[in-house]
Amino acid sequence: MELLAPYLKLSPDPAIWSVQLLLIGVSTICCNFILLRVLDFFGRKEKKRHAPGLWDGALLKAARLPLRLLMWVGGLSAAASLMHAIEPLWLHGFLLQARRIMLIGIATLFITRFIANMEKGLLHSSSHRLPDATTVYAVGRLLRLCALAIAALAVAEALGMSISGLLAFGGIGGMAIGFAAKDMLSNFFGGLMIYLDKPFTVGDWIRSPDRNIEGVVEEIGWRMTRIRTFEMRPLYVPNSIFSSIAVENPSRMMNRRIYETLGIRYSDVDKMAAICDDVRGMLKSHSDIANEQTIIVHFMACNDSSLDFMVYCYTRTTEWVPYHAVKQDVMLKIMEIVARHGADFAFPSRSIYMAGGQGDTGCL
């Protein structure tokens with residue numbers, strides 16, 4: 001203990017304080033190593049669980065880097081305090097200020113990493129009770145924005161600035177910024193309305209009858225929304241556009257409609273009622289047709305070359321490709337019904353009447 005006693009006290013002797021600095025550095029490295037091993041242990045324990053905790057995993061991943069940085073900031077602070085105690089440093093005030101800013105930065109890093117990990121965990125979770133991707137993105141970005149704003153105010157206070165003065169200046173400057181960046185603000189609030197009203201979410205197929213906009217939503221940002229068109233091209237639409245146009249969301253349709261007008265020959269007029277009855281019965285018994293929705297099969301009009309009847313029904317599927325397969329099956333069965341009754345579909349034709357020499361008429 002007598003040999004260690006000089007190293008436990010402050011001394012201007014370089015042989016002593018250099019050893020003390022070395023001990024601080026070694027202690028910092030050892031604490032960092034132990035911290036990593038502890039985090040790895042809890043990480044392995046979390047992975048072995050049958051139902052890994054969403055909060056626990058996000059917390060462990062978020063804390064790994066900030067805790068290591070905190071260890072190094074603590075070691076550097078201890079070394080700086082030791083040197084200042086031995087001989088006052090004119091930089092000591094700046095070092096204290098820098099330490100406060102670094103601590104604020106580390107806390108902000110932890111919070112933003114935790115929010116990002118929670119966002120990823122929610123998006124990849126198998127639970128169906130969790131919110132949709134659009135809500136997760138919106139809440140995550142809003143929380144990160146709030147964390148950065150609070151961190152900026154804390155840094156300003158650490159630098160000796162008056163927060164009340166900054167807020168007052170922000171009120172005046174906000175008016176000027178609002179006029180200068182009105183388009184950006186309109187896009188921001190447009191994105192906020194999309195997140196709140198949810199006319200569409202990520203993955204929805206949308207289209208606008210007012211604009212040439214149609215495709216699948218890939219991302220809803222604060223300034224613009226990225227849509228992948230059916231030509232596989234990215235389409236970037238400013239969010240303010242959606243507040244002034246009508247938007248259809250076919251992804252939320254309950255059924256798809258089959259609406260066709262078919263025509264048979266005038267010579268098959270006596271078979272029209274039976275054909276309509278059989279087609280109606282076929283649709284009502286079809287497993288892929290929604291019987292709870294409207295089904296209409298009726299003689300509709302006398303056309304120039306045909307007697308038209310309407311086929312109106314809804315499919316159970318809303319997917320594009322299966323819908324066309326169901327429609328094909330329905331149309332083929334209608335053709336079979338028409339052929340079974342000895343009728344045929346009409347095609348454009350024209351009758352010409354020619355006058356004979358004795359008042360006789362002929363027809364082509």
# chains A, B, ... in the order shown; residues from 1 in each chain; ligands from 1
call {"tool": "select_by_dssp", "arguments": {"residues": "stretch 62-282 of chain A", "states": "alpha helix (DSSP H)", "output": "PyMOL selection string"}}
result
chain A and resi 62-86+92-123+133-158+163-180+182-197+272-282
call {"tool": "closest_atom_pairs", "arguments": {"of": "stretch 217-254 of chain A", "to": "stretch 303-322 of chain A", "cutoff": "12 Å", "atoms": "only C-alpha atoms", "output": "JSON lines"}}
result
{"residue": "A:Pro250", "atom": "CA", "partner": "A:Thr318", "partner_atom": "CA", "distance": 8.6}
{"residue": "A:Ser251", "atom": "CA", "partner": "A:Thr318", "partner_atom": "CA", "distance": 7.8}
{"residue": "A:Arg252", "atom": "CA", "partner": "A:Thr318", "partner_atom": "CA", "distance": 8.7}
{"residue": "A:Met253", "atom": "CA", "partner": "A:Thr318", "partner_atom": "CA", "distance": 6.8}
{"residue": "A:Met254", "atom": "CA", "partner": "A:Thr318", "partner_atom": "CA", "distance": 6.8}
call {"tool": "write_last_selection", "arguments": {"atoms": "all heavy atoms", "output": "short mmCIF file (atom, residue, chain, number, x, y, z; two decimals), in the first residue's frame"}}
result
data_model
loop_
_atom_site.label_atom_id
_atom_site.label_comp_id
_atom_site.auth_asym_id
_atom_site.auth_seq_id
_atom_site.Cartn_x
_atom_site.Cartn_y
_atom_site.Cartn_z
N PRO A 250 -58.34 1.48 -55.17
CA PRO A 250 -58.90 0.17 -55.53
C PRO A 250 -58.48 -0.96 -54.59
O PRO A 250 -59.13 -2.00 -54.55
CB PRO A 250 -58.36 -0.07 -56.95
CG PRO A 250 -58.04 1.29 -57.47
CD PRO A 250 -57.58 2.06 -56.28
N SER A 251 -57.39 -0.76 -53.84
CA SER A 251 -56.94 -1.82 -52.93
C SER A 251 -57.96 -2.09 -51.84
O SER A 251 -57.95 -3.16 -51.22
CB SER A 251 -55.60 -1.42 -52.30
OG SER A 251 -54.60 -1.28 -53.28
N ARG A 252 -58.84 -1.13 -51.57
CA ARG A 252 -59.82 -1.30 -50.50
C ARG A 252 -61.20 -1.71 -51.01
O ARG A 252 -62.18 -1.67 -50.27
CB ARG A 252 -59.93 0.00 -49.69
CG ARG A 252 -58.63 0.36 -48.98
CD ARG A 252 -58.75 1.64 -48.18
NE ARG A 252 -57.46 2.01 -47.59
CZ ARG A 252 -57.26 3.12 -46.89
NH1 ARG A 252 -58.26 3.97 -46.71
NH2 ARG A 252 -56.06 3.40 -46.41
N MET A 253 -61.29 -2.04 -52.28
CA MET A 253 -62.58 -2.48 -52.80
C MET A 253 -62.97 -3.82 -52.18
O MET A 253 -62.11 -4.64 -51.84
CB MET A 253 -62.53 -2.59 -54.32
CG MET A 253 -61.62 -3.67 -54.86
SD MET A 253 -61.75 -3.88 -56.65
CE MET A 253 -61.08 -2.35 -57.25
N MET A 254 -64.27 -4.03 -52.02
CA MET A 254 -64.76 -5.27 -51.43
C MET A 254 -64.95 -6.35 -52.49
O MET A 254 -64.78 -7.54 -52.21
CB MET A 254 -66.07 -5.01 -50.70
CG MET A 254 -65.96 -4.04 -49.55
SD MET A 254 -67.55 -3.79 -48.71
CE MET A 254 -68.48 -2.99 -50.03
#
call {"tool": "select_by_dssp", "arguments": {"residues": "stretch 68-252 of chain A", "states": "strand (DSSP E)", "output": "list in words"}}
result
Trp205, Ile206, Arg207, Ser208, Ile213, Glu214, Gly215, Val216, Val217, Glu218, Glu219, Ile220, Met224, Thr225, Arg226, Ile227, Arg228, Pro234, Leu235, Tyr236, Val237 and Pro238 of chain A
call {"tool": "write_last_selection", "arguments": {"atoms": "N, CA and C atoms", "output": "tab-separated table (two decimals), in the first residue's frame"}}
result
chain	number	residue	atom	x	y	z
A	205	TRP	N	-52.77	0.26	-53.97
A	205	TRP	CA	-52.85	0.67	-55.38
A	205	TRP	C	-53.84	1.83	-55.44
A	206	ILE	N	-53.36	2.99	-55.91
A	206	ILE	CA	-54.21	4.18	-55.97
A	206	ILE	C	-54.19	4.74	-57.38
A	207	ARG	N	-55.20	5.51	-57.70
A	207	ARG	CA	-55.28	6.21	-58.97
A	207	ARG	C	-56.09	7.48	-58.78
A	208	SER	N	-55.86	8.47	-59.64
A	208	SER	CA	-56.60	9.72	-59.58
A	208	SER	C	-57.27	9.98	-60.93
A	213	ILE	N	-52.16	9.82	-62.46
A	213	ILE	CA	-51.48	9.20	-61.32
A	213	ILE	C	-52.10	7.84	-61.09
A	214	GLU	N	-51.32	6.79	-61.20
A	214	GLU	CA	-51.80	5.44	-60.92
A	214	GLU	C	-50.60	4.55	-60.64
A	215	GLY	N	-50.69	3.77	-59.57
A	215	GLY	CA	-49.61	2.85	-59.23
A	215	GLY	C	-49.73	2.41	-57.78
A	216	VAL	N	-48.67	1.79	-57.30
A	216	VAL	CA	-48.62	1.25	-55.93
A	216	VAL	C	-47.77	2.18	-55.07
A	217	VAL	N	-48.29	2.56	-53.92
A	217	VAL	CA	-47.59	3.46	-53.00
A	217	VAL	C	-46.42	2.73	-52.36
A	218	GLU	N	-45.22	3.28	-52.53
A	218	GLU	CA	-44.02	2.67	-51.95
A	218	GLU	C	-43.57	3.39	-50.68
A	219	GLU	N	-43.73	4.70	-50.64
A	219	GLU	CA	-43.27	5.47	-49.48
A	219	GLU	C	-44.08	6.75	-49.36
A	220	ILE	N	-44.44	7.10	-48.14
A	220	ILE	CA	-45.12	8.36	-47.86
A	220	ILE	C	-44.18	9.20	-47.02
A	224	MET	N	-43.01	14.40	-50.12
A	224	MET	CA	-43.60	13.80	-51.30
A	224	MET	C	-43.87	12.32	-51.07
A	225	THR	N	-44.71	11.77	-51.93
A	225	THR	CA	-45.06	10.35	-51.89
A	225	THR	C	-44.52	9.67	-53.14
A	226	ARG	N	-43.86	8.54	-52.95
A	226	ARG	CA	-43.30	7.79	-54.08
A	226	ARG	C	-44.27	6.68	-54.47
A	227	ILE	N	-44.64	6.69	-55.75
A	227	ILE	CA	-45.57	5.70	-56.31
A	227	ILE	C	-44.87	4.95	-57.42
A	228	ARG	N	-45.00	3.64	-57.43
A	228	ARG	CA	-44.43	2.81	-58.50
A	228	ARG	C	-45.54	2.53	-59.51
A	234	PRO	N	-40.74	4.98	-61.07
A	234	PRO	CA	-41.09	5.70	-59.84
A	234	PRO	C	-41.73	7.04	-60.17
A	235	LEU	N	-42.82	7.35	-59.49
A	235	LEU	CA	-43.52	8.62	-59.67
A	235	LEU	C	-43.52	9.35	-58.33
A	236	TYR	N	-42.93	10.55	-58.30
A	236	TYR	CA	-42.83	11.32	-57.07
A	236	TYR	C	-43.88	12.44	-57.11
A	237	VAL	N	-44.83	12.38	-56.17
A	237	VAL	CA	-45.95	13.32	-56.14
A	237	VAL	C	-45.86	14.16	-54.87
A	238	PRO	N	-45.78	15.50	-54.98
A	238	PRO	CA	-45.80	16.35	-53.77
A	238	PRO	C	-47.08	16.12	-52.98
call {"tool": "closest_residue", "arguments": {"among": "A:Val136, A:Leu185, A:Arg113, A:Arg100", "to": "A:Ala154", "atoms": "only C-alpha atoms"}}
result
A:Arg100
call {"tool": "closest_residue", "arguments": {"among": "A:Ala138, A:Ile337, A:Val247, A:Leu143", "to": "A:Gly191", "atoms": "only C-alpha atoms"}}
result
A:Ala138
call {"tool": "residues_around", "arguments": {"residues": "A:Arg68", "least_positions_apart": "6", "cutoff": "10 Å", "atoms": "only C-alpha atoms", "output": "MDAnalysis selection string"}}
result
chainID A and resid 28:29 31:33 35:36 74 106
call {"tool": "write_last_selection", "arguments": {"atoms": "N, CA, C and O atoms", "output": "short mmCIF file (atom, residue, chain, number, x, y, z; two decimals), in the first residue's frame"}}
result
data_model
loop_
_atom_site.label_atom_id
_atom_site.label_comp_id
_atom_site.auth_asym_id
_atom_site.auth_seq_id
_atom_site.Cartn_x
_atom_site.Cartn_y
_atom_site.Cartn_z
N THR A 28 -10.82 2.63 -18.48
CA THR A 28 -11.87 2.90 -19.48
C THR A 28 -11.98 1.75 -20.48
O THR A 28 -13.08 1.31 -20.83
N ILE A 29 -10.83 1.26 -20.94
CA ILE A 29 -10.83 0.14 -21.90
C ILE A 29 -11.41 -1.11 -21.27
O ILE A 29 -12.22 -1.83 -21.89
N CYS A 31 -13.53 -1.31 -18.69
CA CYS A 31 -14.98 -1.14 -18.50
C CYS A 31 -15.73 -1.30 -19.82
O CYS A 31 -16.82 -1.88 -19.86
N ASN A 32 -15.12 -0.79 -20.90
CA ASN A 32 -15.74 -0.93 -22.21
C ASN A 32 -15.82 -2.39 -22.61
O ASN A 32 -16.85 -2.85 -23.15
N PHE A 33 -14.77 -3.14 -22.37
CA PHE A 33 -14.74 -4.57 -22.70
C PHE A 33 -15.79 -5.33 -21.89
O PHE A 33 -16.55 -6.15 -22.42
N LEU A 35 -18.47 -4.10 -20.52
CA LEU A 35 -19.80 -3.67 -20.97
C LEU A 35 -20.23 -4.43 -22.22
O LEU A 35 -21.37 -4.89 -22.32
N LEU A 36 -19.31 -4.61 -23.17
CA LEU A 36 -19.63 -5.34 -24.40
C LEU A 36 -19.99 -6.79 -24.09
O LEU A 36 -20.91 -7.35 -24.68
N GLY A 74 -16.68 9.55 -20.20
CA GLY A 74 -16.34 9.54 -18.79
C GLY A 74 -14.84 9.45 -18.56
O GLY A 74 -14.29 10.15 -17.69
N ILE A 106 -25.14 12.00 -27.00
CA ILE A 106 -25.24 10.56 -26.71
C ILE A 106 -26.68 10.19 -26.35
O ILE A 106 -27.22 9.17 -26.82
#
call {"tool": "decode", "arguments": {"residues": "stretch 31-43 of chain A", "atoms": "all heavy atoms", "output": "JSON list (two decimals), in the first residue's frame"}}
result
[["chain", "number", "residue", "atom", "x", "y", "z"],
["A", 31, "CYS", "N", -13.53, -1.31, -18.69],
["A", 31, "CYS", "CA", -14.98, -1.14, -18.50],
["A", 31, "CYS", "C", -15.73, -1.30, -19.82],
["A", 31, "CYS", "O", -16.82, -1.88, -19.86],
["A", 31, "CYS", "CB", -15.25, 0.23, -17.89],
["A", 31, "CYS", "SG", -14.71, 0.41, -16.16],
["A", 32, "ASN", "N", -15.12, -0.79, -20.90],
["A", 32, "ASN", "CA", -15.74, -0.93, -22.21],
["A", 32, "ASN", "C", -15.82, -2.39, -22.61],
["A", 32, "ASN", "O", -16.85, -2.85, -23.15],
["A", 32, "ASN", "CB", -14.91, -0.14, -23.24],
["A", 32, "ASN", "CG", -15.76, 0.38, -24.38],
["A", 32, "ASN", "OD1", -16.80, -0.17, -24.67],
["A", 32, "ASN", "ND2", -15.31, 1.43, -25.03],
["A", 33, "PHE", "N", -14.77, -3.14, -22.37],
["A", 33, "PHE", "CA", -14.74, -4.57, -22.70],
["A", 33, "PHE", "C", -15.79, -5.33, -21.89],
["A", 33, "PHE", "O", -16.55, -6.15, -22.42],
["A", 33, "PHE", "CB", -13.35, -5.12, -22.43],
["A", 33, "PHE", "CG", -13.22, -6.59, -22.68],
["A", 33, "PHE", "CD1", -13.06, -7.08, -23.98],
["A", 33, "PHE", "CD2", -13.27, -7.50, -21.63],
["A", 33, "PHE", "CE1", -12.95, -8.44, -24.21],
["A", 33, "PHE", "CE2", -13.16, -8.86, -21.86],
["A", 33, "PHE", "CZ", -13.00, -9.33, -23.16],
["A", 34, "ILE", "N", -15.87, -5.05, -20.57],
["A", 34, "ILE", "CA", -16.86, -5.73, -19.71],
["A", 34, "ILE", "C", -18.27, -5.37, -20.15],
["A", 34, "ILE", "O", -19.17, -6.24, -20.19],
["A", 34, "ILE", "CB", -16.62, -5.33, -18.24],
["A", 34, "ILE", "CG1", -15.27, -5.87, -17.77],
["A", 34, "ILE", "CG2", -17.75, -5.86, -17.36],
["A", 34, "ILE", "CD1", -14.86, -5.39, -16.38],
["A", 35, "LEU", "N", -18.47, -4.10, -20.52],
["A", 35, "LEU", "CA", -19.80, -3.67, -20.97],
["A", 35, "LEU", "C", -20.23, -4.43, -22.22],
["A", 35, "LEU", "O", -21.37, -4.89, -22.32],
["A", 35, "LEU", "CB", -19.78, -2.17, -21.25],
["A", 35, "LEU", "CG", -21.06, -1.58, -21.86],
["A", 35, "LEU", "CD1", -22.22, -1.68, -20.87],
["A", 35, "LEU", "CD2", -20.83, -0.13, -22.27],
["A", 36, "LEU", "N", -19.31, -4.61, -23.17],
["A", 36, "LEU", "CA", -19.63, -5.34, -24.40],
["A", 36, "LEU", "C", -19.99, -6.79, -24.09],
["A", 36, "LEU", "O", -20.91, -7.35, -24.68],
["A", 36, "LEU", "CB", -18.46, -5.28, -25.37],
["A", 36, "LEU", "CG", -18.22, -3.92, -26.06],
["A", 36, "LEU", "CD1", -16.99, -4.00, -26.95],
["A", 36, "LEU", "CD2", -19.43, -3.50, -26.87],
["A", 37, "ARG", "N", -19.24, -7.41, -23.19],
["A", 37, "ARG", "CA", -19.53, -8.79, -22.84],
["A", 37, "ARG", "C", -20.90, -8.92, -22.17],
["A", 37, "ARG", "O", -21.65, -9.88, -22.42],
["A", 37, "ARG", "CB", -18.43, -9.34, -21.89],
["A", 37, "ARG", "CG", -17.03, -9.32, -22.47],
["A", 37, "ARG", "CD", -16.82, -10.37, -23.56],
["A", 37, "ARG", "NE", -17.36, -10.01, -24.84],
["A", 37, "ARG", "CZ", -16.78, -9.16, -25.70],
["A", 37, "ARG", "NH1", -15.64, -8.58, -25.39],
["A", 37, "ARG", "NH2", -17.33, -8.90, -26.86],
["A", 38, "VAL", "N", -21.25, -7.98, -21.30],
["A", 38, "VAL", "CA", -22.55, -8.01, -20.63],
["A", 38, "VAL", "C", -23.67, -7.83, -21.65],
["A", 38, "VAL", "O", -24.68, -8.55, -21.63],
["A", 38, "VAL", "CB", -22.62, -6.91, -19.55],
["A", 38, "VAL", "CG1", -24.04, -6.80, -18.99],
["A", 38, "VAL", "CG2", -21.64, -7.22, -18.42],
["A", 39, "LEU", "N", -23.49, -6.88, -22.59],
["A", 39, "LEU", "CA", -24.51, -6.68, -23.61],
["A", 39, "LEU", "C", -24.65, -7.89, -24.52],
["A", 39, "LEU", "O", -25.77, -8.26, -24.91],
["A", 39, "LEU", "CB", -24.17, -5.43, -24.44],
["A", 39, "LEU", "CG", -24.27, -4.08, -23.71],
["A", 39, "LEU", "CD1", -23.80, -2.95, -24.62],
["A", 39, "LEU", "CD2", -25.69, -3.82, -23.24],
["A", 40, "ASP", "N", -23.53, -8.53, -24.85],
["A", 40, "ASP", "CA", -23.58, -9.75, -25.67],
["A", 40, "ASP", "C", -24.30, -10.87, -24.94],
["A", 40, "ASP", "O", -25.08, -11.64, -25.55],
["A", 40, "ASP", "CB", -22.17, -10.20, -26.05],
["A", 40, "ASP", "CG", -21.51, -9.27, -27.05],
["A", 40, "ASP", "OD1", -22.25, -8.52, -27.73],
["A", 40, "ASP", "OD2", -20.28, -9.27, -27.14],
["A", 41, "PHE", "N", -24.08, -10.97, -23.63],
["A", 41, "PHE", "CA", -24.75, -12.01, -22.84],
["A", 41, "PHE", "C", -26.26, -11.82, -22.87],
["A", 41, "PHE", "O", -27.02, -12.77, -23.12],
["A", 41, "PHE", "CB", -24.22, -11.97, -21.40],
["A", 41, "PHE", "CG", -25.00, -12.83, -20.45],
["A", 41, "PHE", "CD1", -24.86, -14.21, -20.44],
["A", 41, "PHE", "CD2", -25.91, -12.24, -19.56],
["A", 41, "PHE", "CE1", -25.60, -14.99, -19.57],
["A", 41, "PHE", "CE2", -26.64, -13.03, -18.69],
["A", 41, "PHE", "CZ", -26.49, -14.40, -18.69],
["A", 42, "PHE", "N", -26.71, -10.60, -22.61],
["A", 42, "PHE", "CA", -28.15, -10.34, -22.62],
["A", 42, "PHE", "C", -28.73, -10.47, -24.03],
["A", 42, "PHE", "O", -29.88, -10.86, -24.21],
["A", 42, "PHE", "CB", -28.44, -8.95, -22.05],
["A", 42, "PHE", "CG", -28.36, -8.89, -20.55],
["A", 42, "PHE", "CD1", -27.31, -8.24, -19.92],
["A", 42, "PHE", "CD2", -29.34, -9.49, -19.76],
["A", 42, "PHE", "CE1", -27.23, -8.17, -18.53],
["A", 42, "PHE", "CE2", -29.26, -9.43, -18.38],
["A", 42, "PHE", "CZ", -28.20, -8.79, -17.76],
["A", 43, "GLY", "N", -27.91, -10.13, -25.06],
["A", 43, "GLY", "CA", -28.37, -10.29, -26.43],
["A", 43, "GLY", "C", -28.60, -11.75, -26.78],
["A", 43, "GLY", "O", -29.61, -12.10, -27.41]]
